[in-house]
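A.B. asks: Quick one, start_16.cif (mmCIF, C-alpha atoms):
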```cif
data_data
loop_
_atom_site.label_atom_id
_atom_site.label_comp_id
_atom_site.auth_asym_id
_atom_site.auth_seq_id
_atom_site.Cartn_x
_atom_site.Cartn_y
_atom_site.Cartn_z
CA MET A 1 1.93 -144.51 1.90
CA CYS A 2 0.67 -143.79 5.41
CA LEU A 3 -2.69 -144.07 7.09
CA ILE A 4 -4.43 -142.04 9.80
CA VAL A 5 -7.90 -142.47 11.27
CA LEU A 6 -9.24 -139.81 13.61
CA SER A 7 -12.38 -139.49 15.68
CA PHE A 8 -13.07 -136.09 17.14
CA GLY A 9 -15.94 -135.36 19.54
CA GLN A 10 -17.59 -138.73 18.95
CA HIS A 11 -16.98 -140.61 22.21
CA PRO A 12 -18.22 -139.63 25.70
CA ASP A 13 -14.91 -140.52 27.38
CA TYR A 14 -12.39 -139.79 24.62
CA PRO A 15 -12.91 -136.49 22.80
CA LEU A 16 -9.89 -137.29 20.62
CA ILE A 17 -8.98 -140.70 19.20
CA LEU A 18 -6.19 -141.10 16.65
CA ALA A 19 -4.53 -144.18 15.20
CA ALA A 20 -1.83 -144.07 12.53
CA ASN A 21 0.47 -146.30 10.51
CA ARG A 22 3.77 -144.87 9.33
CA ASP A 23 4.83 -146.52 6.06
CA GLU A 24 8.42 -145.95 5.01
CA PHE A 25 11.50 -147.61 3.55
CA HIS A 26 12.93 -149.93 6.18
CA ALA A 27 16.44 -148.63 5.52
CA ARG A 28 15.52 -145.03 6.38
CA PRO A 29 17.07 -144.15 9.77
CA THR A 30 14.43 -143.59 12.41
CA GLN A 31 14.41 -143.07 16.16
CA ASP A 32 11.79 -144.81 18.29
CA ALA A 33 9.18 -142.71 20.08
CA HIS A 34 10.69 -140.93 23.09
CA TRP A 35 10.63 -137.64 25.01
CA TRP A 36 12.92 -135.38 23.00
CA PRO A 37 16.01 -134.13 24.89
CA ASP A 38 16.02 -130.84 22.97
CA LYS A 39 12.23 -130.35 23.35
CA PRO A 40 11.40 -132.06 26.68
CA ASP A 41 7.65 -131.51 26.39
CA VAL A 42 7.40 -133.34 23.03
CA VAL A 43 7.00 -137.09 22.56
CA GLY A 44 7.16 -138.91 19.24
CA GLY A 45 9.42 -140.73 16.84
CA ARG A 46 12.04 -138.94 14.78
CA ASP A 47 13.15 -139.20 11.19
CA LEU A 48 16.93 -139.09 11.44
CA GLN A 49 17.39 -138.46 7.71
CA ALA A 50 15.46 -135.18 7.44
CA GLY A 51 15.31 -134.31 11.12
CA GLY A 52 11.55 -133.94 11.49
CA THR A 53 8.75 -136.23 12.57
CA TRP A 54 5.56 -137.68 11.12
CA LEU A 55 3.53 -137.58 14.36
CA ALA A 56 4.15 -136.05 17.76
CA LEU A 57 2.38 -134.89 20.89
CA GLN A 58 3.12 -131.97 23.21
CA LYS A 59 2.41 -131.83 26.94
CA ARG A 60 0.02 -128.91 26.58
CA GLY A 61 -2.30 -131.32 24.76
CA ARG A 62 -1.30 -130.38 21.21
CA PHE A 63 -0.77 -132.96 18.46
CA ALA A 64 0.23 -132.84 14.82
CA THR A 65 0.70 -135.40 12.07
CA VAL A 66 1.69 -135.17 8.41
CA THR A 67 1.56 -137.43 5.35
CA ASN A 68 3.06 -137.03 1.92
CA PHE A 69 0.75 -136.40 -1.03
CA ARG A 70 1.00 -139.00 -3.76
CA ASP A 71 1.31 -137.21 -7.08
CA ALA A 72 3.56 -137.00 -10.10
CA GLN A 73 5.53 -133.93 -9.03
CA PRO A 74 9.22 -134.82 -8.60
CA PRO A 75 10.97 -134.17 -5.27
CA SER A 76 13.25 -131.14 -5.03
CA PRO A 77 16.20 -130.63 -2.66
CA LYS A 78 15.10 -127.00 -2.34
CA ARG A 79 11.93 -128.01 -0.50
CA ARG A 80 11.79 -127.91 3.28
CA SER A 81 11.25 -131.09 5.29
CA ARG A 82 7.54 -131.70 5.79
CA GLY A 83 8.26 -133.08 9.25
CA HIS A 84 8.96 -129.57 10.51
CA LEU A 85 5.32 -128.70 9.88
CA VAL A 86 4.56 -130.93 12.87
CA THR A 87 7.01 -129.36 15.29
CA GLY A 88 6.01 -125.88 14.16
CA PHE A 89 2.53 -126.38 15.57
CA LEU A 90 3.70 -128.05 18.77
CA GLU A 91 6.01 -125.14 19.57
CA CYS A 92 3.56 -122.31 18.94
CA ASN A 93 0.57 -120.96 20.86
CA SER A 94 -1.69 -120.40 17.86
CA SER A 95 -5.03 -122.11 17.36
CA PRO A 96 -4.94 -124.99 14.88
CA GLU A 97 -6.53 -123.04 12.03
CA ASP A 98 -4.47 -119.89 12.70
CA TYR A 99 -1.26 -121.93 12.59
CA LEU A 100 -2.20 -123.51 9.27
CA GLY A 101 -2.79 -120.03 7.87
CA THR A 102 0.85 -119.09 8.49
CA ILE A 103 2.35 -121.94 6.42
CA ASP A 104 4.15 -121.17 3.17
CA GLU A 105 2.62 -124.03 1.21
CA ASP A 106 4.92 -123.59 -1.79
CA ALA A 107 7.98 -124.26 0.37
CA TYR A 108 7.09 -127.95 0.71
CA ALA A 109 6.46 -130.92 -1.52
CA GLY A 110 2.90 -132.25 -1.47
CA PHE A 111 1.58 -132.73 2.06
CA ASN A 112 -1.47 -133.33 4.23
CA LEU A 113 -1.29 -131.88 7.73
CA ILE A 114 -3.63 -132.40 10.68
CA VAL A 115 -3.05 -130.35 13.84
CA GLY A 116 -5.13 -129.94 16.92
CA THR A 117 -6.04 -130.25 20.57
CA ALA A 118 -8.75 -132.25 22.30
CA SER A 119 -11.27 -129.53 21.40
CA GLU A 120 -10.09 -128.11 18.04
CA VAL A 121 -8.74 -129.89 14.96
CA ALA A 122 -7.82 -128.45 11.55
CA TYR A 123 -6.48 -129.78 8.25
CA LEU A 124 -4.39 -128.35 5.42
CA SER A 125 -3.13 -129.79 2.15
CA ASN A 126 -1.08 -127.85 -0.36
CA ARG A 127 -2.92 -129.77 -3.05
CA GLU A 128 -6.22 -127.93 -2.45
CA ASP A 129 -7.20 -124.35 -1.61
CA GLY A 130 -7.71 -123.22 1.96
CA THR A 131 -7.69 -124.73 5.41
CA ARG A 132 -10.44 -126.82 6.95
CA GLU A 133 -11.57 -126.55 10.56
CA LEU A 134 -12.88 -130.04 11.24
CA SER A 135 -16.27 -130.46 12.82
CA PRO A 136 -16.84 -133.41 15.19
CA GLY A 137 -16.74 -136.62 13.20
CA THR A 138 -14.63 -139.55 12.03
CA TYR A 139 -11.99 -138.97 9.36
CA GLY A 140 -9.47 -140.94 7.34
CA LEU A 141 -6.28 -139.80 5.64
CA SER A 142 -3.62 -141.47 3.55
CA ASN A 143 -1.63 -139.92 0.71
CA ALA A 144 -4.53 -138.23 -1.08
CA LEU A 145 -6.87 -135.56 0.29
CA LEU A 146 -8.71 -136.03 3.58
CA ASP A 147 -11.36 -138.78 3.32
CA GLY A 148 -10.09 -139.68 -0.15
CA PRO A 149 -11.93 -142.73 -1.57
CA TRP A 150 -9.14 -145.27 -1.12
CA HIS A 151 -9.89 -148.80 0.07
CA LYS A 152 -7.66 -148.56 3.13
CA VAL A 153 -9.12 -145.20 4.18
CA GLU A 154 -12.75 -146.23 3.79
CA SER A 155 -12.37 -149.64 5.43
CA SER A 156 -10.42 -148.23 8.39
CA LYS A 157 -12.98 -145.45 8.95
CA GLU A 158 -15.78 -148.02 8.91
CA LYS A 159 -13.98 -150.15 11.49
CA LEU A 160 -13.34 -147.18 13.74
CA SER A 161 -17.00 -146.20 13.48
CA SER A 162 -17.95 -149.76 14.47
CA LEU A 163 -15.69 -149.58 17.54
CA LEU A 164 -17.32 -146.31 18.52
CA ALA A 165 -20.82 -147.73 18.09
CA ALA A 166 -19.92 -150.77 20.20
CA ASP A 167 -18.17 -148.65 22.84
CA SER A 168 -15.05 -150.77 22.28
CA VAL A 169 -12.47 -148.03 21.88
CA ASN A 170 -9.21 -148.74 23.67
CA GLU A 171 -5.54 -148.97 22.85
CA THR A 172 -5.68 -152.70 22.05
CA SER A 173 -8.69 -152.47 19.73
CA LEU A 174 -7.17 -149.54 17.86
CA MET A 175 -3.84 -151.32 17.43
CA ARG A 176 -5.74 -154.32 16.08
CA LEU A 177 -7.66 -152.09 13.67
CA MET A 178 -4.43 -150.69 12.23
CA ASN A 179 -2.93 -154.17 11.87
CA ASP A 180 -5.37 -154.95 9.04
CA ARG A 181 -3.34 -156.62 6.26
CA ASP A 182 -6.21 -157.22 3.85
CA LYS A 183 -5.55 -155.76 0.42
CA ALA A 184 -8.04 -154.03 -1.84
CA PRO A 185 -9.79 -156.05 -4.55
CA VAL A 186 -7.58 -156.56 -7.58
CA ALA A 187 -9.90 -154.47 -9.75
CA GLU A 188 -9.16 -151.40 -7.59
CA VAL A 189 -5.37 -151.57 -7.84
CA GLU A 190 -3.70 -148.54 -9.46
CA ARG A 191 -0.32 -149.67 -10.75
CA GLY A 192 1.26 -146.33 -11.60
CA GLN A 193 5.04 -146.82 -11.56
CA HIS A 194 4.87 -149.96 -9.41
CA LYS A 195 4.82 -153.61 -10.35
CA PHE A 196 1.43 -155.17 -9.72
CA ALA A 197 2.51 -157.10 -6.60
CA THR A 198 3.80 -153.89 -5.00
CA ALA A 199 0.82 -151.82 -6.09
CA HIS A 200 -1.51 -154.42 -4.60
CA ALA A 201 0.47 -154.72 -1.34
CA ILE A 202 0.31 -150.99 -0.62
CA THR A 203 -3.51 -150.99 -0.76
CA ALA A 204 -3.56 -152.75 2.63
CA PRO A 205 -3.86 -150.61 5.77
CA PHE A 206 -0.78 -152.45 7.14
CA ILE A 207 1.85 -152.91 4.42
CA VAL A 208 4.31 -155.80 4.38
CA LEU A 209 7.07 -155.67 1.75
CA PRO A 210 10.78 -156.53 1.99
CA ASP A 211 12.08 -152.99 1.45
CA TYR A 212 9.10 -150.80 2.32
CA GLY A 213 6.16 -151.13 4.67
CA THR A 214 4.53 -150.24 7.95
CA ARG A 215 7.36 -149.29 10.28
CA CYS A 216 5.20 -148.39 13.28
CA THR A 217 1.65 -147.98 14.54
CA THR A 218 0.76 -145.16 16.92
CA VAL A 219 -2.38 -144.70 19.01
CA ILE A 220 -3.19 -141.42 20.76
CA LEU A 221 -6.09 -141.09 23.19
CA ALA A 222 -7.18 -137.93 25.01
CA ASP A 223 -9.77 -138.45 27.72
CA LYS A 224 -12.33 -135.99 29.08
CA GLU A 225 -10.23 -135.38 32.20
CA GLY A 226 -7.30 -134.05 30.19
CA HIS A 227 -5.14 -137.18 30.32
CA TRP A 228 -3.27 -138.20 27.17
CA SER A 229 -1.66 -141.47 26.15
CA PHE A 230 0.74 -142.14 23.28
CA ALA A 231 1.47 -145.77 22.38
CA GLU A 232 3.80 -146.98 19.63
CA ARG A 233 4.43 -150.46 18.24
CA ARG A 234 7.30 -151.07 15.82
CA PHE A 235 7.64 -153.70 13.10
CA ASP A 236 10.31 -155.33 10.91
CA PRO A 237 10.11 -155.97 7.13
CA ALA A 238 8.18 -159.19 7.76
CA GLY A 239 5.56 -157.28 9.75
CA GLU A 240 6.69 -158.80 13.04
CA LEU A 241 6.61 -156.77 16.25
CA THR A 242 10.07 -155.59 17.29
CA GLY A 243 9.29 -153.20 20.15
CA LYS A 244 6.74 -151.02 21.85
CA SER A 245 6.61 -147.82 23.90
CA ARG A 246 3.93 -146.06 25.89
CA PHE A 247 3.78 -142.57 27.41
CA THR A 248 1.09 -140.86 29.49
CA PHE A 249 0.64 -137.40 30.98
CA ALA A 250 -1.93 -134.89 32.15
CA ALA A 251 -2.10 -131.90 29.83
CA LYS A 252 -0.53 -128.72 31.19
CA GLN A 253 -2.87 -125.77 31.62
#
```
Would you mind writing the file out in structure tokens?

C.D. replies:
Amino acid sequence: MCLIVLSFGQHPDYPLILAANRDEFHARPTQDAHWWPDKPDVVGGRDLQAGGTWLALQKRGRFATVTNFRDAQPPSPKRRSRGHLVTGFLECNSSPEDYLGTIDEDAYAGFNLIVGTASEVAYLSNREDGTRELSPGTYGLSNALLDGPWHKVESSKEKLSSLLAADSVNETSLMRLMNDRDKAPVAEVERGQHKFATAHAITAPFIVLPDYGTRCTTVILADKEGHWSFAERRFDPAGELTGKSRFTFAAKQ
């Protein structure tokens, strides 16, 4: 489970606002957000098991983020790492929608991918037909399709919309939004293969479980002057803060 909320073209000072929780097994090896030595213009965390990333930003003002799609299809070792879908966009010069059109969707397990700049954003899932060029608006994504009717998606979108209406968008307020640990009502819990306690826990925007949960929260802000900020906060299995990082730059022309 992961969660992303995105506001595009909705704020006079910040044309792009993105906040995301990465939910993963705590034992999975991960590298904190940093400027990558092998790709010096890219900042983000790294998944050391598969070699990709879930969210990263490039100095030309390009960002990309990916989530898994929750379905019954079993994983296959023949599939490519979904994290490379992120770096593929950061390294190319294509527009967001053109890049999405080049992806071999069958080469990957189920995914949702959002790529963009401060002025163009597009979305692709290999669990529906076609790409979507996103119009200005506020969006939410977890492990179903974009704006899927999950409690955590709907509640987080509503809170982001409230911040926008109150002109209270900043790094602190967005971090607080993503730290929401309220679970969905019991009647909305879908157990699937999980025990009830686990199924209920993962309905919260911020997940706290001993083996699996929210590993980090990331906030990206792009302002109207072309300045970008990338802030990450990291958490342990108890949901306690263990570290934070922050990076800023002016987008290259």

A.B. asks: Rank A:Gly110, A:Leu90, A:Gly243, A:Asn21 by their smallest atom-to-atom distance to Arg176 (chain A), using only C-alpha atoms, and report the top residue only.

C.D. replies: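 Using only C-alpha atoms, Arg176 (chain A) sits closest to A:Asn21.
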
A.B. asks: Rounded to one decimal in Å, what is the spacing between CA of Val208 (chain A) and CA of Arg70 (chain A)?

C.D. replies: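 A separation of 19.0 Å between them.
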
A.B. asks: Please determine, counting all atoms listed in the file, which residue among A:Ala27, A:Ile207, A:Cys92, A:Leu146 has the shortest atom-to-atom distance to Met178 (chain A).

C.D. replies: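 Distance minimum relative to Met178 (chain A) lands on A:Ile207.
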
A.B. asks: Using only C-alpha atoms, pick whichever of A:Glu128, A:Glu133, A:Glu24, A:Asp167 has the shortest atom-to-atom distance to Tyr99 (chain A).

C.D. replies: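 The closest residue to Tyr99 (chain A) is A:Glu133.
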
A.B. asks: For the file shown, what are the residues hit by the PyMOL selection byres ((chain A and resi 15) around 12), laid out as a ChimeraX atom specification?

C.D. replies: /A:6-14,16-18,61,116-121,136-138,164,169,220-228

A.B. asks: Any chance you could work out the residue set of the PyMOL selection byres ((chain A and resi 159) around 12) here, as a PyMOL selection string?

C.D. replies: chain A and resi 5-7+19+138-140+152-158+160-166+168-169+173-180+205

A.B. asks: Restricting the output to C-alpha atoms, write the selected residues as a PDB file, keeping the file's coordinate frame.

C.D. replies:
```
ATOM      1  CA  VAL A   5      -7.900-142.470  11.270  1.00  0.00           C
ATOM      2  CA  LEU A   6      -9.240-139.810  13.610  1.00  0.00           C
ATOM      3  CA  SER A   7     -12.380-139.490  15.680  1.00  0.00           C
ATOM      4  CA  ALA A  19      -4.530-144.180  15.200  1.00  0.00           C
ATOM      5  CA  THR A 138     -14.630-139.550  12.030  1.00  0.00           C
ATOM      6  CA  TYR A 139     -11.990-138.970   9.360  1.00  0.00           C
ATOM      7  CA  GLY A 140      -9.470-140.940   7.340  1.00  0.00           C
ATOM      8  CA  LYS A 152      -7.660-148.560   3.130  1.00  0.00           C
ATOM      9  CA  VAL A 153      -9.120-145.200   4.180  1.00  0.00           C
ATOM     10  CA  GLU A 154     -12.750-146.230   3.790  1.00  0.00           C
ATOM     11  CA  SER A 155     -12.370-149.640   5.430  1.00  0.00           C
ATOM     12  CA  SER A 156     -10.420-148.230   8.390  1.00  0.00           C
ATOM     13  CA  LYS A 157     -12.980-145.450   8.950  1.00  0.00           C
ATOM     14  CA  GLU A 158     -15.780-148.020   8.910  1.00  0.00           C
ATOM     15  CA  LEU A 160     -13.340-147.180  13.740  1.00  0.00           C
ATOM     16  CA  SER A 161     -17.000-146.200  13.480  1.00  0.00           C
ATOM     17  CA  SER A 162     -17.950-149.760  14.470  1.00  0.00           C
ATOM     18  CA  LEU A 163     -15.690-149.580  17.540  1.00  0.00           C
ATOM     19  CA  LEU A 164     -17.320-146.310  18.520  1.00  0.00           C
ATOM     20  CA  ALA A 165     -20.820-147.730  18.090  1.00  0.00           C
ATOM     21  CA  ALA A 166     -19.920-150.770  20.200  1.00  0.00           C
ATOM     22  CA  SER A 168     -15.050-150.770  22.280  1.00  0.00           C
ATOM     23  CA  VAL A 169     -12.470-148.030  21.880  1.00  0.00           C
ATOM     24  CA  SER A 173      -8.690-152.470  19.730  1.00  0.00           C
ATOM     25  CA  LEU A 174      -7.170-149.540  17.860  1.00  0.00           C
ATOM     26  CA  MET A 175      -3.840-151.320  17.430  1.00  0.00           C
ATOM     27  CA  ARG A 176      -5.740-154.320  16.080  1.00  0.00           C
ATOM     28  CA  LEU A 177      -7.660-152.090  13.670  1.00  0.00           C
ATOM     29  CA  MET A 178      -4.430-150.690  12.230  1.00  0.00           C
ATOM     30  CA  ASN A 179      -2.930-154.170  11.870  1.00  0.00           C
ATOM     31  CA  ASP A 180      -5.370-154.950   9.040  1.00  0.00           C
ATOM     32  CA  PRO A 205      -3.860-150.610   5.770  1.00  0.00           C
TER      33      PRO A 205
END
```

A.B. asks: Considering only C-alpha atoms, state which residue in the set A:Ser245, A:Asn170, A:Ser142, A:Asn68 is at the smallest distance from Val43 (chain A).

C.D. replies: A:Ser245

A.B. asks: Between A:Ala50, A:Ala231, A:Ala64, A:Leu55, which is the closest to Arg22 (chain A) once you count all atoms listed in the file?

C.D. replies: A:Leu55

A.B. asks: Record the distance separating CA of Phe111 (chain A) and CA of Thr30 (chain A), expressed in Å with one decimal.

C.D. replies: 19.8 Å

A.B. asks: When distances are computed from all atoms listed in the file, which of A:Leu100, A:Ile4, A:Ala107, A:Val219 shows the smallest separation from Arg80 (chain A)?

C.D. replies: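 That would be A:Ala107, the residue with the smallest distance to Arg80 (chain A).
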
A.B. asks: Provide the CA of Lys195 (chain A) to CA of Asp182 (chain A) distance in Å, to one decimal place.

C.D. replies: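 Distance reported for this atom pair: 18.3 Å.
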
A.B. asks: Tell me which protein, DNA and RNA residues are within 12 Å of Gly239 (chain A), counting all atoms listed in the file, leaving out same-chain ones fewer than 2 positions away, and put them as a PDB file with C-alpha atoms, in the frame of the given file.

C.D. replies:
```pdb
ATOM      1  CA  ASP A  23       4.830-146.520   6.060  1.00  0.00           C
ATOM      2  CA  HIS A  26      12.930-149.930   6.180  1.00  0.00           C
ATOM      3  CA  ASN A 179      -2.930-154.170  11.870  1.00  0.00           C
ATOM      4  CA  ASP A 180      -5.370-154.950   9.040  1.00  0.00           C
ATOM      5  CA  ARG A 181      -3.340-156.620   6.260  1.00  0.00           C
ATOM      6  CA  PHE A 206      -0.780-152.450   7.140  1.00  0.00           C
ATOM      7  CA  ILE A 207       1.850-152.910   4.420  1.00  0.00           C
ATOM      8  CA  VAL A 208       4.310-155.800   4.380  1.00  0.00           C
ATOM      9  CA  LEU A 209       7.070-155.670   1.750  1.00  0.00           C
ATOM     10  CA  PRO A 210      10.780-156.530   1.990  1.00  0.00           C
ATOM     11  CA  ASP A 211      12.080-152.990   1.450  1.00  0.00           C
ATOM     12  CA  TYR A 212       9.100-150.800   2.320  1.00  0.00           C
ATOM     13  CA  GLY A 213       6.160-151.130   4.670  1.00  0.00           C
ATOM     14  CA  THR A 214       4.530-150.240   7.950  1.00  0.00           C
ATOM     15  CA  ARG A 215       7.360-149.290  10.280  1.00  0.00           C
ATOM     16  CA  CYS A 216       5.200-148.390  13.280  1.00  0.00           C
ATOM     17  CA  THR A 217       1.650-147.980  14.540  1.00  0.00           C
ATOM     18  CA  ARG A 233       4.430-150.460  18.240  1.00  0.00           C
ATOM     19  CA  ARG A 234       7.300-151.070  15.820  1.00  0.00           C
ATOM     20  CA  PHE A 235       7.640-153.700  13.100  1.00  0.00           C
ATOM     21  CA  ASP A 236      10.310-155.330  10.910  1.00  0.00           C
ATOM     22  CA  PRO A 237      10.110-155.970   7.130  1.00  0.00           C
ATOM     23  CA  LEU A 241       6.610-156.770  16.250  1.00  0.00           C
ATOM     24  CA  THR A 242      10.070-155.590  17.290  1.00  0.00           C
ATOM     25  CA  GLY A 243       9.290-153.200  20.150  1.00  0.00           C
TER      26      GLY A 243
END
```

A.B. asks: Can you list, as a ChimeraX atom specification, the residues that the PyMOL selection byres ((chain A and resi 97) around 12) selects here?

C.D. replies: /A:89,93-96,98-103,113-117,120-124,130-134

A.B. asks: Can you list, as a list in words, every protein, DNA or RNA residue that comes within 9 Å of Phe69 (chain A) when you count only C-alpha atoms, leaving out same-chain residues fewer than 3 positions away?

C.D. replies: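 Selected residues are Met1, Ala109, Gly110, Phe111, Asn112, Ser125, Asn126, Arg127, Ser142, Asn143, Ala144 and Leu145 of chain A.
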
A.B. asks: Could you dump the residues just selected with C-alpha atoms as a tab-separated table (two decimals), in the coordinates of the input?

C.D. replies:
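Saved result, again-v1.tsv, follows:
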```tsv
chain	number	residue	atom	x	y	z
A	1	MET	CA	1.93	-144.51	1.90
A	109	ALA	CA	6.46	-130.92	-1.52
A	110	GLY	CA	2.90	-132.25	-1.47
A	111	PHE	CA	1.58	-132.73	2.06
A	112	ASN	CA	-1.47	-133.33	4.23
A	125	SER	CA	-3.13	-129.79	2.15
A	126	ASN	CA	-1.08	-127.85	-0.36
A	127	ARG	CA	-2.92	-129.77	-3.05
A	142	SER	CA	-3.62	-141.47	3.55
A	143	ASN	CA	-1.63	-139.92	0.71
A	144	ALA	CA	-4.53	-138.23	-1.08
A	145	LEU	CA	-6.87	-135.56	0.29
```
